[in-house]
Structures are given as structure tokens and as C-alpha cells.
Amino acid sequence: MSDFKVNSLEYWNNRFQTNWESFLGREQTTFFINLLLKNLPIWILNDIEDKKLSICDAGCAEGEGTFLLSKNFPNSKVVGIDFSDEAIKRARSYYPEVTFEVGDINNLKEKYDIIICSNVLEHFAQPFNVIPRLIENAIQHLIIMTPFQEMNRIDEHLFTFDYQTFPFQINNYQLTYFNEIDCRFIEGTHWSGKQAIIIYSNKTLVNNMNLTLDNFSANRNFHEKKYFQKEKEVQELHIKIKNNEETINWCNKKLEEKDYIIRNLSLSIEKTANELEKINKVIEKINEDLYLEKDINLQLQHNVNILNQELSNMTNTKAWRLVGKYYNCVHAVRKLKSNSKKFFYVAKTKGVKEAISRTFTFLKDKNTAPPVHNSNNLEITKVFNDLIAKYRDGKIKALAIIPSAFEFDELYNQRTINLAKYLSEKGYGVLYVAWQWKKNEVLSNNYRCFLDNIYQLPLYDFLNAQLDTLLEIREKHFIITFPAEQFYNLIVPFRGKGFYITYDIMDDWEEFYNVGEAPWYKQYIEEAIIINSDAVIAVSEPLKQKFSTIRNDILVIGNGYNENISKLKNISLRKEAKDKKIHIGYFGHLTPSWFDWDLIFEILERKEDIFIHIIGYGISDTIKERLDKYSNVKFYGKVHPGELHEHVKNWHLGIIPFKKSKLSIAVDPIKVYEYLFFGLPTISTGIPHIGNYPLVEHCENVTEILNTIETRYEELLNGTLKYDVLEEFLENSTWEKRFDYMMRNVKEKNFLQGIYEGE
């Protein structure tokens, strides 16, 4: 490991400088102290709390254990000591609020009520020369934690502790507690063997402690008891074996009877098999004929599709449109010739100017007759005619078709809704296509016009409609927001009609499918959409990386917020609440596929001074029943987005407790932007990349969450949170900024559309 003598000062300074952290030394220290705290006897825990006993963490390394001791015993003086100045330097930088000193545990400068020596003594060849010196500085108790029965020691360990190792009394200190723990079966363990906890107490105190065997040992399974239990188990096994032998004999007899029946059945089966073989040969011949006919039909259909596509491509080229204009001109000239006598008559009687004016009016009326829509749906015909009329009047300049998984509601802060609103404000007519699970599903907002230029259409009516009426609009966009097969089938015909094709990847749809949330999903369809789109947008870097092997020009454009919906900025609670609790809130979907309910319940169990507010939908009755058992949580159900600020103003912090999965890693939650707009410092799990946002802290477990909650709450009350960095982030995270960038890039990435237009 190094050129220094093992366990020397130079050796340990080098270890802390080079590989202590990469070898998970900090995590192991945390594991040992947490294990110690969970297994200390209740009498010593009460003693520390009640008497505010001072504690020395002797051999503290980089201070993780000392930090945990200080948090668990906030009323006690806690000091961490280590002979490595490198370790102490790092401990002070990690935990500036905790006291650390450089010192030798063989010669401590002060006395402490309790000295804790965790996983240190095994590094000494003669640890029982060290223990008496520790006892001299321990006023009441010496707590030792060490590897136990470590037969295959690592190089740094110079001594093996066993039952016979520990004397009942050392100087004036008496053994008062022993606990043996097998760490191999502990979830998330950092030790592959046993650990022992030993407490020596001042004999003067012991006389007044009234200790019993129950207090003394956490393990009351004596070897004698185990022996008698095993002997009883052996006797029971003998009885079971005898019973099993009788059962086996009975089974063998039955098997002989069944063998006779099987032999007779085999003869019948063999005869039947011969008959089936003859039938199968006939079926195979029929199938061969059917497959041949199917291949012929498929080839014919393929040829028809190719001819249709070639015809569609030809009719949408510039050459075809130019020829069309030529024939329109020829037709107009012929019309003029047929009306030449009328022209000269008007010129003679009304003047040349009036004759020319009437000629232009005549031609214009012929070329701008009201369009006839190819659909039998009068509602869609009316919508399309409205859009064409607005285009001709200059009220809109372009067209956008946006499929969406839900109906339009201008007050909901969803990406597709905000995109439709943005495009409407920029002069686009928007066909907002709302998803239907089946054709006869009734939607509440069908054919309604929102904000002048947005029209909601039901999916199946849209799919059956003909768009020829709308081809007069020069700039047309089809923005796919989820990869359903119905939208993929529209790419080729839409591109032939002059549409820009954009795919906006808003979620990891494959993972939604894997958890049962998107039954329509097909991986090859999504990949085909990505390949065939002019531009591809992703809301997060993980989504971009997922498809980087098939497309290397994917743009990352995250979600955003709308001030008009969120209403009030920086309204979160920044002072102590009347009930003295820390108030934390969440709003959004509550599906167990990604919402970590176990995490929420653990927070409620461990910290009664935290009150959690939950707003949303998708909660099961079982979860609601569990929530009702806690006094420090409230579930509000679904709240309209325009009313969220009334709740948020009473919260100190926001939380996004998602389970870590491929699904959560890919999302860019809209709620984080809303939290930050409201001024809520945010704590998240399962979404690592949003930990880079200002005032957002990503945590890996409940311990990190609780520590972060406490830290953020103190910073909030002290006024030390850096809200200034938040302003620039919010300024660049509005929906308008996001979509400005998106549409600029969409128009630049038109290579595939250019091919169809002959450019």
C-alpha cells in the first residue's frame, strides 16, 4: 500500500492523503458509529442525555463518527482526536462546526466522561497496554468497538479479539456490557465479519447501577441453550424421517399402479399420434398455400404504397406547383379571351380603369373560392376554414400541429400546453390534438378555440381528416410530443405536404411502458420517429445520451415555468412557524411507480418536528390510510395550479422524493422550476442532474435528507441562503426563452424537408 511502516504516523498521513476516501474509509466509519449507536444499552444512552456527559472519539479519522455523535447528543461536549494531522485537517474542513484535535490516544491531555474507541485498538500489537491509559482519562465509561474473532486479519490489523481476550476488570474499571454483532447480514454493510461492543465502567458507579444480566449482555442465546435446541431439532427430524419413509412406501405402491395405467395410455397415444401426423401433413400443405397467397398480397400492397408515395412526392414538388400555376394562368387567359367583348364594352362605356379593375376582381373570385374540406366532419371543416381565413387576413403566419396526452387547459403548467400558448402568441394557428384511448371517448373541450388561435381536436377525428385545405399555409410544423404509432404514420404524408417534423422527447417512454404507464409504446416506433424527424429535442441530458447512438444532433431544452400561472414570486416561509415545526411541501403526481412513499414515511417516523404537506393525485387508498396515522402530515388532494401559492406561502422547503430509476433519472420535473419561482429551497432524490440547479440539493438516502433539511432550515432562518444566483437561473428558464431557442433550431434543421421540396 505504501513504503511506510504499517500503522506509523507517516503511514496514516499518506493513507488519508491518497486512498482513504477512494477505499470508502469515510463510509465505513459512518457505518461503525451508526451500528454502535443502534446497539448501545439504553441505560448508557439515558445517562448521556440526562447528565450531558462529555464524549471523546479517540481515533476519529476524518470525523464522520464524531459528527454523528455530536448530532445524536447535541447537549454534550463532543471532541474528535486522532494522531494524524492530515486526518484532523480534513475533518475540520468537512465538519467545521465540530471540535477536532491532534493527539495521541496513549497520552490524552484532558479527561472525558466517556471515551469511545471504535475500530482502533486492533491496529496495536498490544492493545491492552493502551486500554489502561484510556481508562485513566475516562471519568465514567470506556466504550470499545472492535473486530471480533477476526481470524484472517488484514495487514493493518495486528491483534485478534475473542471471548477470552477481555478481562472482567481492568484497574478500577469493571466490564458492564458486551454485545457480539454479525455484520455479514446487515443491509449495506461495510464489514464482512463480526464486531464486538464492550463497555468498562468506573467501579464506583457500578455499585450504584444495579446491573443485571439483562443489562450486561445484548445476546442471551447461551451455547447450552443452543445445544438443547439443536438436540430437540435432531429428535424432531428423526420423527419426520420415519414418517417420510412410510409416505415414500405408500407413494411407491401408488406409482406402480400408475405405471400400469400409463403403459395402457401410451399405446392409445401412439395410435393417436399416427393419426395426428397424417392430419399435420394436410395442415402444412394448406399453410404453404396460404403463405404463398399472403406473400403475393403483401407484394401487391407494397407496390401500391410505393406508387402512392411517388404520386404524393411528385404533387408536392416545386416543379408540380409551378406547372399548376402555369395551367392556372392558361385557364385565366382563356377566361379573359371568352370575356374580351365584355372587357372592351366596359372600357368603352365606363373607362379602361374600370375594365381592368373588374378583370382583377373576376380572376380573384375564381381563385379564392371558399375551400371545400374533404372530411364529412363539419366541426373540423369549420376549424380548418377558420384557420385559412385568419391566414388570408394576416392574423396568423404559420400552422403548428401538437399532439398531447391531455386536454387543453391554459392554467396548467404542462410543456405541451405552454408550447401551444407560446406559438399562438407568436402568430401560429395551433391544432392541439388531444389523445383518446378509444374512438368513442368523449372529451370536454373538442373543437373549442382557446386564446384566439388554439383549436382542440380529438385524436380520431384528426386522424380521419384531410389536410388539403390547410396546404395554402406556407410554414407548417408537426411537433410530436410522445411516440405513438399513429403519429409516426403521419410523418411521410405530412412531410410530403411541406411540414417541418420535430420530435420533443419529454420522458423516458420505454421506462413508462416497463412500469405499465404507456401500453401503446413500441421501441422501434420511437427510434423511427427520431431518425425521420427534422429536429429532435430532449428535456434532459440522460434522454439525449440514451439515443446518441442513432442521432448525434439532439438538443437539450429543459422545462420551464410561467409567471402568469405561478402568480406570486418568492413567497415561501422564511421565518419560524407558529407551531415551531419545519414545513415541507410537495405537489404533483403521486404514482408509486416513481414517488418514494417509503422515504416519506421514514421521515415522518424519525422527525416529529417536520410537517409534510402533500398536494396531488394518483394516491392509493392504502397509502391514504397510512398517512392518517401520522399527526405531522396533511394530504390535500388535487389543487388547481392557480391556487398553489396559497399553500406554498406556508412552506419552508420543497421536496421531490422520487425513487432512483431510469425513469426518474431522465425527467426534468416542471415542479422544480415552480418551487424555485416560489422561493422554495428544494431537496430531491432520484434525479441527480437537478442537484446542479441553484438552491436544489440532491440526496441519496434519508440520513442525507434529514441533515440537509436541518442545514437548509438554519440557513433560511439566518438569512444566509444565496437567492441572488437564483434570479439569473429563473430568467433563463421561462417557457418563452425555452421555446424561442427550440423554434430557432427547428427552422435551421430542415435537411429532410429540403429533400422533399427539391432544394
# chains A, B, ... in the order shown; residues from 1 in each chain; ligands from 1
call {"tool": "select_by_dssp", "arguments": {"residues": "range 644-699 of chain A", "states": "strand (DSSP E)", "output": "list of chain:residue names"}}
result
A:Leu653, A:Gly654, A:Ile655, A:Ile656, A:Pro657, A:Thr682, A:Ile683, A:Ser684, A:Thr685, A:Val696, A:Glu697, A:His698
call {"tool": "write_last_selection", "arguments": {"atoms": "N, CA and C atoms", "output": "compact mmCIF listing (two decimals), in the first residue's frame"}}
result
# COMPACT_ATOMS: atom_id res chain seq x y z
N LEU A 653 -39.62 24.60 2.84
CA LEU A 653 -38.81 23.87 1.85
C LEU A 653 -39.72 23.09 0.92
N GLY A 654 -39.22 22.78 -0.29
CA GLY A 654 -39.90 21.88 -1.21
C GLY A 654 -39.15 20.56 -1.29
N ILE A 655 -39.87 19.49 -1.62
CA ILE A 655 -39.24 18.18 -1.72
C ILE A 655 -39.75 17.46 -2.97
N ILE A 656 -38.85 16.73 -3.64
CA ILE A 656 -39.21 15.88 -4.78
C ILE A 656 -38.67 14.48 -4.46
N PRO A 657 -39.45 13.64 -3.79
CA PRO A 657 -38.95 12.32 -3.33
C PRO A 657 -39.22 11.23 -4.36
N THR A 682 -35.01 23.45 -2.35
CA THR A 682 -35.58 22.16 -2.73
C THR A 682 -34.62 21.01 -2.44
N ILE A 683 -35.21 19.90 -1.96
CA ILE A 683 -34.45 18.68 -1.69
C ILE A 683 -35.03 17.59 -2.59
N SER A 684 -34.16 16.87 -3.30
CA SER A 684 -34.66 15.85 -4.23
C SER A 684 -33.91 14.54 -4.07
N THR A 685 -34.57 13.46 -4.51
CA THR A 685 -33.92 12.15 -4.62
C THR A 685 -34.28 11.57 -5.98
N VAL A 696 -31.05 23.78 -5.02
CA VAL A 696 -31.55 22.40 -5.09
C VAL A 696 -30.45 21.47 -4.60
N GLU A 697 -30.79 20.62 -3.64
CA GLU A 697 -29.82 19.68 -3.07
C GLU A 697 -30.29 18.25 -3.38
N HIS A 698 -29.45 17.49 -4.09
CA HIS A 698 -29.78 16.09 -4.38
C HIS A 698 -29.23 15.20 -3.27
call {"tool": "residues_around", "arguments": {"residues": "Leu142 in chain A", "least_positions_apart": "4", "cutoff": "6 Å", "atoms": "only C-alpha atoms", "output": "compact mmCIF listing (two decimals) with C-alpha atoms, in the first residue's frame"}}
result
# COMPACT_ATOMS: atom_id res chain seq x y z
CA ILE A 114 -16.93 8.86 28.16
CA ILE A 115 -14.21 7.76 25.74
CA ILE A 199 -18.09 -1.22 27.94
CA TYR A 200 -15.85 -0.82 31.01
call {"tool": "atom_distance", "arguments": {"atom1": "CA of Glu715 in chain A", "atom2": "CA of Lys649 in chain A"}}
result
17.8 Å
call {"tool": "residues_around", "arguments": {"residues": "Glu150 in chain A", "least_positions_apart": "2", "cutoff": "10 Å", "atoms": "only C-alpha atoms", "output": "list in words"}}
result
Glu122, Thr146, Pro147, Phe148, Asn152, Arg153, Ile154, His157, Phe159, Thr160, Phe161, Asp162, Ser192, Gly193, Lys194 and Gln195 of chain A
call {"tool": "write_last_selection", "arguments": {"atoms": "N, CA and C atoms", "output": "PDB file, in the first residue's frame"}}
result
ATOM      1  N   GLU A 122      -7.421  -2.696  17.274  1.00  0.00           N
ATOM      2  CA  GLU A 122      -6.884  -3.824  16.527  1.00  0.00           C
ATOM      3  C   GLU A 122      -5.628  -3.452  15.738  1.00  0.00           C
ATOM      4  N   THR A 146     -14.722  -3.131  18.208  1.00  0.00           N
ATOM      5  CA  THR A 146     -13.554  -3.704  17.542  1.00  0.00           C
ATOM      6  C   THR A 146     -13.963  -4.934  16.747  1.00  0.00           C
ATOM      7  N   PRO A 147     -13.205  -5.306  15.698  1.00  0.00           N
ATOM      8  CA  PRO A 147     -13.467  -6.578  15.015  1.00  0.00           C
ATOM      9  C   PRO A 147     -13.372  -7.740  16.008  1.00  0.00           C
ATOM     10  N   PHE A 148     -14.228  -8.749  15.833  1.00  0.00           N
ATOM     11  CA  PHE A 148     -14.300  -9.838  16.789  1.00  0.00           C
ATOM     12  C   PHE A 148     -14.103 -11.163  16.056  1.00  0.00           C
ATOM     13  N   ASN A 152      -8.681 -14.144   9.805  1.00  0.00           N
ATOM     14  CA  ASN A 152      -7.882 -13.774   8.626  1.00  0.00           C
ATOM     15  C   ASN A 152      -7.757 -12.253   8.593  1.00  0.00           C
ATOM     16  N   ARG A 153      -6.794 -11.763   9.370  1.00  0.00           N
ATOM     17  CA  ARG A 153      -6.678 -10.307   9.554  1.00  0.00           C
ATOM     18  C   ARG A 153      -6.146  -9.632   8.294  1.00  0.00           C
ATOM     19  N   ILE A 154      -6.574  -8.381   8.080  1.00  0.00           N
ATOM     20  CA  ILE A 154      -5.969  -7.569   7.030  1.00  0.00           C
ATOM     21  C   ILE A 154      -4.623  -7.064   7.543  1.00  0.00           C
ATOM     22  N   HIS A 157      -4.326  -4.799  10.675  1.00  0.00           N
ATOM     23  CA  HIS A 157      -4.802  -5.311  11.962  1.00  0.00           C
ATOM     24  C   HIS A 157      -3.742  -6.244  12.560  1.00  0.00           C
ATOM     25  N   PHE A 159      -3.959  -7.521  15.915  1.00  0.00           N
ATOM     26  CA  PHE A 159      -4.440  -8.256  17.086  1.00  0.00           C
ATOM     27  C   PHE A 159      -5.846  -8.779  16.803  1.00  0.00           C
ATOM     28  N   THR A 160      -6.117 -10.004  17.298  1.00  0.00           N
ATOM     29  CA  THR A 160      -7.451 -10.598  17.146  1.00  0.00           C
ATOM     30  C   THR A 160      -8.125 -10.700  18.514  1.00  0.00           C
ATOM     31  N   PHE A 161      -9.323 -10.127  18.634  1.00  0.00           N
ATOM     32  CA  PHE A 161     -10.085 -10.144  19.881  1.00  0.00           C
ATOM     33  C   PHE A 161     -11.037 -11.337  19.876  1.00  0.00           C
ATOM     34  N   ASP A 162     -11.142 -12.011  21.061  1.00  0.00           N
ATOM     35  CA  ASP A 162     -12.039 -13.159  21.202  1.00  0.00           C
ATOM     36  C   ASP A 162     -12.629 -13.122  22.609  1.00  0.00           C
ATOM     37  N   SER A 192     -17.243  -7.443   6.713  1.00  0.00           N
ATOM     38  CA  SER A 192     -17.643  -8.788   6.312  1.00  0.00           C
ATOM     39  C   SER A 192     -17.503  -9.811   7.434  1.00  0.00           C
ATOM     40  N   GLY A 193     -17.359  -9.361   8.658  1.00  0.00           N
ATOM     41  CA  GLY A 193     -17.252 -10.290   9.775  1.00  0.00           C
ATOM     42  C   GLY A 193     -18.044  -9.806  10.979  1.00  0.00           C
ATOM     43  N   LYS A 194     -17.531 -10.135  12.192  1.00  0.00           N
ATOM     44  CA  LYS A 194     -18.224  -9.738  13.414  1.00  0.00           C
ATOM     45  C   LYS A 194     -17.594  -8.475  14.007  1.00  0.00           C
ATOM     46  N   GLN A 195     -18.403  -7.750  14.790  1.00  0.00           N
ATOM     47  CA  GLN A 195     -17.950  -6.619  15.593  1.00  0.00           C
ATOM     48  C   GLN A 195     -18.412  -6.869  17.030  1.00  0.00           C
TER      49      GLN A 195
END
call {"tool": "atom_distance", "arguments": {"atom1": "CA of Leu604 in chain A", "atom2": "CA of Ile181 in chain A"}}
result
28.5 Å
call {"tool": "residues_around", "arguments": {"residues": "range 624-636 of chain A", "least_positions_apart": "4", "cutoff": "7 Å", "atoms": "only C-alpha atoms", "output": "ChimeraX atom specification"}}
result
/A:604,608,610-615,620
call {"tool": "atom_distance", "arguments": {"atom1": "CA of Tyr675 in chain A", "atom2": "CA of Ile571 in chain A"}}
result
10.2 Å
